[in-house]
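Novice: Here you go, one structure.
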Amino acid sequence: MPNKVLIYSRFPKAMMVRIGERFELMDAAGKPPGEVFTAEQLSDIRAMITAGGTPLPAVMMDMMPSLQAIVCYGTGYDGVDLAAAAQRKITVGHSPAANASAVADLAVTLMLAVTRRILPADNYVRSGNWSGAKPSPLMRPQPGNPGRRVGVYGLGEIGRKIAARAAAFEAEIGYFSRSKHDVPYQYFPSLEALAEWCSVLMIAVRAGTDTTHAVDARILKKLGKDGYVVNISRGSVIDQQALIAALADETIAGAGLDVYEKEPHAPDALTAFPNVVLTPHIGGHTLDSHVAMQDCVMANLEAFFAGQPLPYVVR
């Protein structure tokens with residue numbers, strides 16, 4: 001009999017096909033497991049798959065008394081109560097760097113879209129205003145990329161790939177991270193200093209209690225009226241109300257966002273701004289990224305059921 005694995009988060013069935021060929025999947029479809037399965041069915045569950053951002057508190061772990069492994073589909077694990085897992089001797093795994101290239105690609109796409117005003121330009125053509133020679137203040141020329149100062153907040157695998165891609169556009173690159181790295185980019189000792197220096201702030205830091213609302217009204221003010229913020233990390237890193245206020249009073253020039261404080265709901269206030277580009281948390285949503293993440297999930301599960309350490313464990 002295949003080993004049983006609970007699917008805790010809501011995933012499209014297509015993402016689980018390969019994993020289902022190797023394991024017996026019990027799909028809770030994003031509902032509390034106790035609403036879908038009986039206590040007896042949950043009693044012998046030893047491993048589960050979750051999306052890293054889905055809240056997974058201690059009370060949920062306690063519904064599965066035999067649980068020993070939580071495997072996150074993706075690089076993030078901020079939704080998992082790591083202290084509770086450690087207390088219960090539950091190992092947590094993830095898929096580090098599996099989607100880094102795709103996420104970095106989207107970060108740069110958002111930067112280009114918002115700084116070159118691609119959405120207003122598209123609307124200018126579709127509406128007939130271009131053919132009608134109607135003037136538009138949104139079509140005024142904007143600064144280009146050569147010499148643009150791009151600041152990367154968080155220089156993990158995704159942050160490094162963002163920096164490399166932005167550098168290819170002849171931009172100057174700076175970064176702030178918990179530690180200084182051996183990279184050809186300017187290091188800044190604080191997020192404040194980075195925001196004051198750059199004209200595009202790329203948020204690529206891992207979510208956690210230490211980064212919640214790290215980009216607040218004060219940081220946005222330092223970014224300035226010609227500055228843009230791009231977030232492909234987690235919505236919690238930006239104080240969303242402060243961002244809306246900064247856009248409304250033109251404290252900053254615009255934003256590119258793939259993540260939000262409460263997903264899948266982007267506030268109507270954000271959708272009203274023509275200088276904001278919004279995508280529905282699709283940073284890692286490419287075919288090759290999903291294959292890579294599935295590879296990590298299956299490697300973690302296979303190692304666990306073989307009694308071996310997880311190759312992609314959260315440390």
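Residues are named by chain letter and number: chains run A, B, ... in the order of the structure tokens, numbers start at 1 in each chain, and ligands are numbered from 1 in the order shown.
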Name the residues of stretch 15-139 of chain A that come out as alpha helix (DSSP H) in a backbone DSSP run; write them as an MDAnalysis selection string.
Specialist: chainID A and resid 15:20 33:36 39:43 58:61 82:87 100:115 118:126
Novice: Skip stretch 18-35 of chain A itself and residues of its chain fewer than 4 positions away, then list as an MDAnalysis selection string all residues within 12 Å of it, counting only C-alpha atoms.
Specialist: chainID A and resid 1:14 39:51 54:57 59:64 73 290:302 305
Novice: I'd like to know which of A:Cys198, A:Val71, A:Val277, A:Ala58 is closest to A:Gly93, using only C-alpha atoms.
Specialist: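 Once distances to A:Gly93 are computed over only C-alpha atoms, the minimum belongs to A:Val71.
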Novice: Which residues, written as JSON, numbers by chain, have at least one atom at most 12 Å from A:Ala98, with only C-alpha atoms counted and residues fewer than 2 positions away on the same chain left out?
Specialist: {"A": [72, 73, 74, 75, 76, 94, 95, 96, 100, 101, 102, 103, 104, 157, 158, 283, 284, 285, 286, 287, 288, 289, 290, 291, 292, 293, 294, 295, 296, 297, 312]}
Novice: Which one of A:Gly154, A:Leu247, A:Phe273, A:Gly208 sits closest to A:Lys180 if you count only C-alpha atoms?
Specialist: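 Closest to A:Lys180 of all the choices is A:Gly154.
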Novice: Which neighbours of stretch 136-141 of chain A fall inside 10 Å, counting only C-alpha atoms, when residues of the same chain fewer than 3 positions from it are skipped, and could you give them as a VMD selection string?
Specialist: chain A and resid 116 to 118 120 to 121 124 129 to 130 133 144 274 to 275
Novice: Residues of stretch 108-303 of chain A in strand (DSSP E) according to DSSP, as a list of chain:residue names?
Specialist: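 Assigned to strand (DSSP E), within stretch 108-303 of chain A: A:Arg149, A:Val150, A:Gly151, A:Val152, A:Tyr153, A:Glu172, A:Ile173, A:Gly174, A:Tyr175, A:Phe176, A:Gln186, A:Tyr187, A:Val200, A:Leu201, A:Met202, A:Ile203, A:Tyr228, A:Val229, A:Val230, A:Asn231, A:Gly254, A:Ala255, A:Gly256, A:Leu257, A:Val276, A:Val277, A:Leu278.
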Novice: Write the selection just made, keeping N, CA and C atoms, as a short mmCIF file (atom, residue, chain, number, x, y, z; two decimals), in the first residue's frame?
Specialist:
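Wrote it out as result.cif, contents follow:
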data_model
loop_
_atom_site.label_atom_id
_atom_site.label_comp_id
_atom_site.auth_asym_id
_atom_site.auth_seq_id
_atom_site.Cartn_x
_atom_site.Cartn_y
_atom_site.Cartn_z
N ARG A 149 18.77 53.05 -10.18
CA ARG A 149 19.24 52.43 -8.94
C ARG A 149 18.19 51.45 -8.43
N VAL A 150 18.53 50.18 -8.48
CA VAL A 150 17.63 49.11 -8.05
C VAL A 150 18.13 48.56 -6.72
N GLY A 151 17.31 48.67 -5.70
CA GLY A 151 17.67 48.16 -4.38
C GLY A 151 16.95 46.86 -4.09
N VAL A 152 17.69 45.83 -3.71
CA VAL A 152 17.11 44.52 -3.43
C VAL A 152 17.11 44.29 -1.92
N TYR A 153 15.93 44.10 -1.37
CA TYR A 153 15.78 43.84 0.06
C TYR A 153 15.67 42.34 0.25
N GLU A 172 22.21 50.17 -11.70
CA GLU A 172 23.09 50.04 -10.54
C GLU A 172 22.34 49.21 -9.49
N ILE A 173 23.05 48.30 -8.84
CA ILE A 173 22.40 47.41 -7.89
C ILE A 173 22.95 47.63 -6.48
N GLY A 174 22.03 47.75 -5.52
CA GLY A 174 22.39 47.80 -4.12
C GLY A 174 21.51 46.81 -3.37
N TYR A 175 21.89 46.45 -2.16
CA TYR A 175 21.08 45.49 -1.42
C TYR A 175 21.23 45.69 0.08
N PHE A 176 20.21 45.25 0.78
CA PHE A 176 20.27 45.12 2.24
C PHE A 176 19.83 43.71 2.59
N GLN A 186 26.51 46.98 -4.25
CA GLN A 186 26.72 47.83 -3.09
C GLN A 186 25.86 47.38 -1.92
N TYR A 187 26.50 47.21 -0.78
CA TYR A 187 25.79 46.79 0.43
C TYR A 187 25.39 48.01 1.25
N VAL A 200 14.06 52.02 -7.35
CA VAL A 200 13.16 50.86 -7.36
C VAL A 200 13.56 49.96 -6.20
N LEU A 201 12.61 49.71 -5.29
CA LEU A 201 12.87 48.83 -4.16
C LEU A 201 12.23 47.47 -4.44
N MET A 202 13.07 46.46 -4.61
CA MET A 202 12.61 45.09 -4.87
C MET A 202 12.55 44.33 -3.54
N ILE A 203 11.38 43.86 -3.16
CA ILE A 203 11.24 43.12 -1.91
C ILE A 203 11.35 41.63 -2.18
N TYR A 228 9.73 53.52 -6.96
CA TYR A 228 8.76 52.44 -7.14
C TYR A 228 9.09 51.30 -6.18
N VAL A 229 8.04 50.58 -5.77
CA VAL A 229 8.25 49.39 -4.94
C VAL A 229 7.67 48.19 -5.67
N VAL A 230 8.42 47.08 -5.67
CA VAL A 230 7.99 45.83 -6.29
C VAL A 230 8.04 44.74 -5.23
N ASN A 231 6.93 44.03 -5.05
CA ASN A 231 6.89 42.99 -4.02
C ASN A 231 6.51 41.64 -4.60
N GLY A 254 4.90 54.64 -7.95
CA GLY A 254 4.08 53.51 -8.37
C GLY A 254 4.53 52.23 -7.70
N ALA A 255 3.84 51.13 -8.04
CA ALA A 255 4.13 49.84 -7.42
C ALA A 255 3.81 48.70 -8.36
N GLY A 256 4.55 47.60 -8.20
CA GLY A 256 4.26 46.35 -8.89
C GLY A 256 4.11 45.27 -7.83
N LEU A 257 2.95 44.63 -7.76
CA LEU A 257 2.65 43.71 -6.65
C LEU A 257 2.16 42.36 -7.16
N VAL A 276 -0.12 51.29 -10.77
CA VAL A 276 0.11 50.05 -10.02
C VAL A 276 -0.18 48.86 -10.94
N VAL A 277 0.75 47.91 -10.99
CA VAL A 277 0.57 46.69 -11.76
C VAL A 277 0.36 45.54 -10.78
N LEU A 278 -0.72 44.79 -10.97
CA LEU A 278 -1.11 43.73 -10.04
C LEU A 278 -1.15 42.37 -10.74
#
Novice: With only C-alpha atoms as the basis for distance, which of A:Thr109, A:Ala86, A:Lys161, A:Asp78 is at the shortest distance from A:Thr212?
Specialist: A:Asp78
Novice: To one decimal in Å, tell me the separation between atom CA of A:Gly235 and atom CA of A:Ala107.
Specialist: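 Atom-to-atom, atom CA of A:Gly235 to atom CA of A:Ala107, that is 14.1 Å.
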Novice: Ranking A:Phe37, A:Phe304, A:Tyr260, A:Tyr77 by minimum distance to A:His213 and counting only C-alpha atoms, which one comes first?
Specialist: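 Closest candidate: A:Tyr260.
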Novice: Write out as a ChimeraX atom specification the residues lying within 12 Å of A:Thr211, counting only C-alpha atoms and excluding same-chain residues fewer than 3 positions away.
Specialist: /A:78,153-154,177-178,191,203-208,214-216,233-239
Novice: List the neighbours of A:Val92 out to 6 Å using only C-alpha atoms; skip same-chain residues closer than 3 positions along the sequence, and give me the result as number ranges by chain.
Specialist: A: 69-71, 313-314
